[in-house]
Amino acid sequence: MKELVRRVSVIFSFLLFSGGTSLFAESGDVDISGTLFHHILNGRSVDLFPGVPAVTLPLGISVHQAMLFVSVVLILLLFLRAARNKSMKPKGVRSIAEIMILFVRDDIVYPVMGKERGEKWLSFFISLFVFLLTVNLIGLIPAFKTATGNINVTTAMAVIVFFLTFAVGFKELGVPGFFKNMYPEGVAFPIGIFVVLLEFIGLFTKSIVLSLRLFANMFAGHLAILSFLVLIFVISPFFSLVSVPFAVFTYVLEVLVALLQAFVFTLLSCIFISMASTPEGE
Amino acid sequence: MDLSMIAKALAVIGAGLGIAGGSIGIGLIGAKALDAIARQPQEKKDIRTNMILMAALIEGLAFFGAIIALLVVFMK
Amino acid sequence: MELFEIEPGLAIWTWLSFGLLFFILWKFLLPSLLKSIKDREKTIAGAVDNAEEIQKRLDEIKKEESKIIDKARAQADKILGDTRKEADVLKSRLIAKAEEEAEAIVSRAKLKAAEEREVLLQALQEELADFVCEASEKVTGVSFTSEKDRRMVKEMARTL
């Protein structure tokens, strides 16, 4: 076990190191911000390994798009294998799937929505959580990119939640009931209207912040790793002795952040949806 | 050129200030949450969930600041 | 700024891939998983209840068992005591009987011995009387053969 950890860490530091050298493989010159962003932003080509020329994706799909597909395929494979295992004692892939399902069920959906409503929504939130988690984590593999580090992806996810909030609210409370729900009880007329306005704006800002949070977290984390590595080229090659350990540390932190952000996104969307559809005071 | 450099420097300072504010907020949340857990360990799970939720909300604001600063810094 | 570049295509692809994922998970993969998890939880809860019941019954059985054992022990003790008492009575009776018998035998033997001694003594006296008569006859030259004399000697021997 110890041996394995050591070997993995050696490989990772090598990859990080070589990833750092590949930063300047194509430009060779000083455009730091350009090279930094090249490794985070969407594009049409993938740098698989330093020294190897970048691979241009077929059919004009962009890298983030490809990452989305890869993660969907990965999740489906995982759950297919998990669903095929019918034994009572979870083993291997099955236990991974069950850990995620139980986490979403017991820590997110049931505490927020209660058991009866939660059961209906469980599939949606499990898919949401697993999807975001996989997309977040897949970006940490060298040569892969984080699709959630693209604001279009996170906004698309937030928009789904946003429309679900409205749809569920309208369905459960009716259109007038939904807006009446925002009006606080026992407040004088003009102030109440102001509160309703604030709540209404809040509906939008909540979703915008939801998307921005995920985007910024994933984006900033990768930027931090890359910044440490870029410092090697800015300062001196010997700075790698400091930089690489810090980059590895940030990398490990990113694993935690990937999990945390997927959790937070799922928890917040669960709260928004359940708040919009339960009458005030319940 | 000169003016834009100043703007960028100010933007970086602003990002730092925003992050400092967020850190203070998250620190307060963490302290209070630990207090609460110490006082009522049986409510640990609930408190932790709410703590993470609040921290995430504040973190979002801090990221707002950071992203605006980034926009200014990398503006051509 | 490239960072906030709007790519509607990517957003649509996100929707599509998430929608596909959600659909497949919701329709095909999750129901069986969720059901098996639920079943397992039910089974575990049932097993725990069962175990509790079994434990309870086991405790009851243990209590009963110890009660029965106590009872049996008391009974055995009682039986043992009774037997011992009976045996004691029997023993003492036997001993008494044996002693009695022994005493009887001894007394009978004593009686017989006394009789025999009497017979012996008589015979001895007679012998002695004869002997005295013969001796005195030899000394004195007078015969003491008469019945009267013999009796006199015999009387003398008795007082000897």
# chains A, B, ... in the order shown; residues from 1 in each chain; ligands from 1
call {"tool": "interface_residues", "arguments": {"of": "chain B", "to": "chain C", "cutoff": "10 Å", "atoms": "only C-alpha atoms", "output": "VMD selection string"}}
result
chain B and resid 67 70 to 72 74 to 76
call {"tool": "write_last_selection", "arguments": {"atoms": "N, CA and C atoms", "output": "mmCIF file, in the first residue's frame"}}
result
data_model
loop_
_atom_site.group_PDB
_atom_site.id
_atom_site.type_symbol
_atom_site.label_atom_id
_atom_site.label_comp_id
_atom_site.auth_asym_id
_atom_site.auth_seq_id
_atom_site.Cartn_x
_atom_site.Cartn_y
_atom_site.Cartn_z
ATOM 1 N N ILE B 67 -13.481 37.175 -9.773
ATOM 2 C CA ILE B 67 -13.694 37.085 -11.217
ATOM 3 C C ILE B 67 -13.727 38.467 -11.852
ATOM 4 N N LEU B 70 -10.259 39.469 -12.177
ATOM 5 C CA LEU B 70 -9.652 38.738 -13.290
ATOM 6 C C LEU B 70 -10.013 39.386 -14.621
ATOM 7 N N LEU B 71 -11.296 39.739 -14.730
ATOM 8 C CA LEU B 71 -11.755 40.377 -15.965
ATOM 9 C C LEU B 71 -10.958 41.646 -16.236
ATOM 10 N N VAL B 72 -10.780 42.430 -15.173
ATOM 11 C CA VAL B 72 -10.050 43.690 -15.356
ATOM 12 C C VAL B 72 -8.596 43.410 -15.689
ATOM 13 N N PHE B 74 -7.104 40.814 -17.064
ATOM 14 C CA PHE B 74 -6.810 40.238 -18.383
ATOM 15 C C PHE B 74 -7.468 40.984 -19.521
ATOM 16 N N MET B 75 -8.102 42.114 -19.186
ATOM 17 C CA MET B 75 -8.702 42.915 -20.251
ATOM 18 C C MET B 75 -7.588 43.476 -21.128
ATOM 19 N N LYS B 76 -7.781 43.369 -22.423
ATOM 20 C CA LYS B 76 -6.727 43.869 -23.327
ATOM 21 C C LYS B 76 -6.939 45.347 -23.624
#
call {"tool": "interface_residues", "arguments": {"of": "chain A", "to": "chain C", "cutoff": "7 Å", "atoms": "only C-alpha atoms", "output": "ChimeraX atom specification"}}
result
/A:41,65,68-69,72,79-80,83,88,123-124,127,151-153,156
call {"tool": "interface_residues", "arguments": {"of": "chain A", "to": "chain B", "cutoff": "12 Å", "atoms": "only C-alpha atoms", "output": "PDB file with C-alpha atoms, in the first residue's frame"}}
result
ATOM      1  CA  ASP A  31       2.805  35.131 -23.253  1.00  0.00           C
ATOM      2  CA  ILE A  32       2.108  33.776 -19.762  1.00  0.00           C
ATOM      3  CA  SER A  33      -1.558  34.590 -19.431  1.00  0.00           C
ATOM      4  CA  GLY A  34      -2.140  33.233 -22.904  1.00  0.00           C
ATOM      5  CA  LEU A  36      -2.245  29.691 -18.775  1.00  0.00           C
ATOM      6  CA  PHE A  37      -5.642  30.164 -20.284  1.00  0.00           C
ATOM      7  CA  ASP A 106     -29.154  10.620   3.293  1.00  0.00           C
ATOM      8  CA  ASP A 107     -27.196  13.863   3.325  1.00  0.00           C
ATOM      9  CA  ILE A 108     -28.923  15.974   0.694  1.00  0.00           C
ATOM     10  CA  VAL A 109     -32.364  14.979  -0.465  1.00  0.00           C
ATOM     11  CA  TYR A 110     -34.036  13.392   2.561  1.00  0.00           C
ATOM     12  CA  PRO A 111     -32.989  16.028   5.114  1.00  0.00           C
ATOM     13  CA  VAL A 112     -34.123  18.862   2.833  1.00  0.00           C
ATOM     14  CA  ILE A 151     -19.140  29.148 -17.600  1.00  0.00           C
ATOM     15  CA  THR A 205     -29.288  35.930  -8.531  1.00  0.00           C
ATOM     16  CA  LYS A 206     -29.387  32.652  -6.668  1.00  0.00           C
ATOM     17  CA  SER A 207     -29.182  30.775  -9.941  1.00  0.00           C
ATOM     18  CA  ILE A 208     -26.494  33.070 -11.318  1.00  0.00           C
ATOM     19  CA  VAL A 209     -24.398  32.638  -8.202  1.00  0.00           C
ATOM     20  CA  LEU A 210     -25.007  28.923  -8.360  1.00  0.00           C
ATOM     21  CA  SER A 211     -23.437  28.761 -11.779  1.00  0.00           C
ATOM     22  CA  LEU A 212     -20.689  31.257 -10.991  1.00  0.00           C
ATOM     23  CA  ARG A 213     -19.641  29.445  -7.830  1.00  0.00           C
ATOM     24  CA  LEU A 214     -19.061  26.147  -9.527  1.00  0.00           C
ATOM     25  CA  PHE A 215     -17.354  27.775 -12.477  1.00  0.00           C
ATOM     26  CA  ALA A 216     -15.089  29.964 -10.352  1.00  0.00           C
ATOM     27  CA  ASN A 217     -14.121  27.167  -8.014  1.00  0.00           C
ATOM     28  CA  MET A 218     -13.142  24.773 -10.722  1.00  0.00           C
ATOM     29  CA  PHE A 219     -11.521  27.440 -12.849  1.00  0.00           C
ATOM     30  CA  ALA A 220      -9.580  29.029  -9.987  1.00  0.00           C
ATOM     31  CA  GLY A 221      -8.335  25.707  -8.681  1.00  0.00           C
ATOM     32  CA  LEU A 223      -5.477  28.197 -12.427  1.00  0.00           C
ATOM     33  CA  VAL A 257     -13.065  20.988  -3.851  1.00  0.00           C
ATOM     34  CA  LEU A 260     -17.470  19.792  -2.197  1.00  0.00           C
ATOM     35  CA  GLN A 261     -18.701  21.829  -5.140  1.00  0.00           C
ATOM     36  CA  ALA A 262     -20.697  18.970  -6.554  1.00  0.00           C
ATOM     37  CA  PHE A 263     -22.215  18.536  -3.098  1.00  0.00           C
ATOM     38  CA  VAL A 264     -22.929  22.248  -2.699  1.00  0.00           C
ATOM     39  CA  PHE A 265     -24.476  22.580  -6.121  1.00  0.00           C
ATOM     40  CA  THR A 266     -26.746  19.608  -5.509  1.00  0.00           C
ATOM     41  CA  LEU A 267     -27.642  20.732  -2.001  1.00  0.00           C
ATOM     42  CA  LEU A 268     -28.444  24.274  -3.114  1.00  0.00           C
ATOM     43  CA  SER A 269     -30.560  23.175  -6.055  1.00  0.00           C
ATOM     44  CA  CYS A 270     -32.370  20.792  -3.740  1.00  0.00           C
ATOM     45  CA  ILE A 271     -33.043  23.631  -1.305  1.00  0.00           C
TER      46      ILE A 271
END
call {"tool": "closest_residue", "arguments": {"among": "B:Val12, B:Arg48, B:Gly22, B:Ala7", "to": "Asp35 of chain B", "atoms": "only C-alpha atoms"}}
result
B:Arg48
call {"tool": "closest_residue", "arguments": {"among": "A:Met275, A:Val159, A:Met67, A:Val10", "to": "Ile141 of chain A", "atoms": "only C-alpha atoms"}}
result
A:Met67
call {"tool": "select_by_dssp", "arguments": {"residues": "segment 49-167 of chain A", "states": "alpha helix (DSSP H)", "output": "ChimeraX atom specification"}}
result
/A:63-84,93-103,110-113,115-138,151-167
call {"tool": "residues_around", "arguments": {"residues": "segment 238-243 of chain A", "least_positions_apart": "3", "cutoff": "12 Å", "atoms": "only C-alpha atoms", "output": "NGL selection string"}}
result
:A and (13-14 or 16-18 or 20-21 or 224-235 or 246-251)
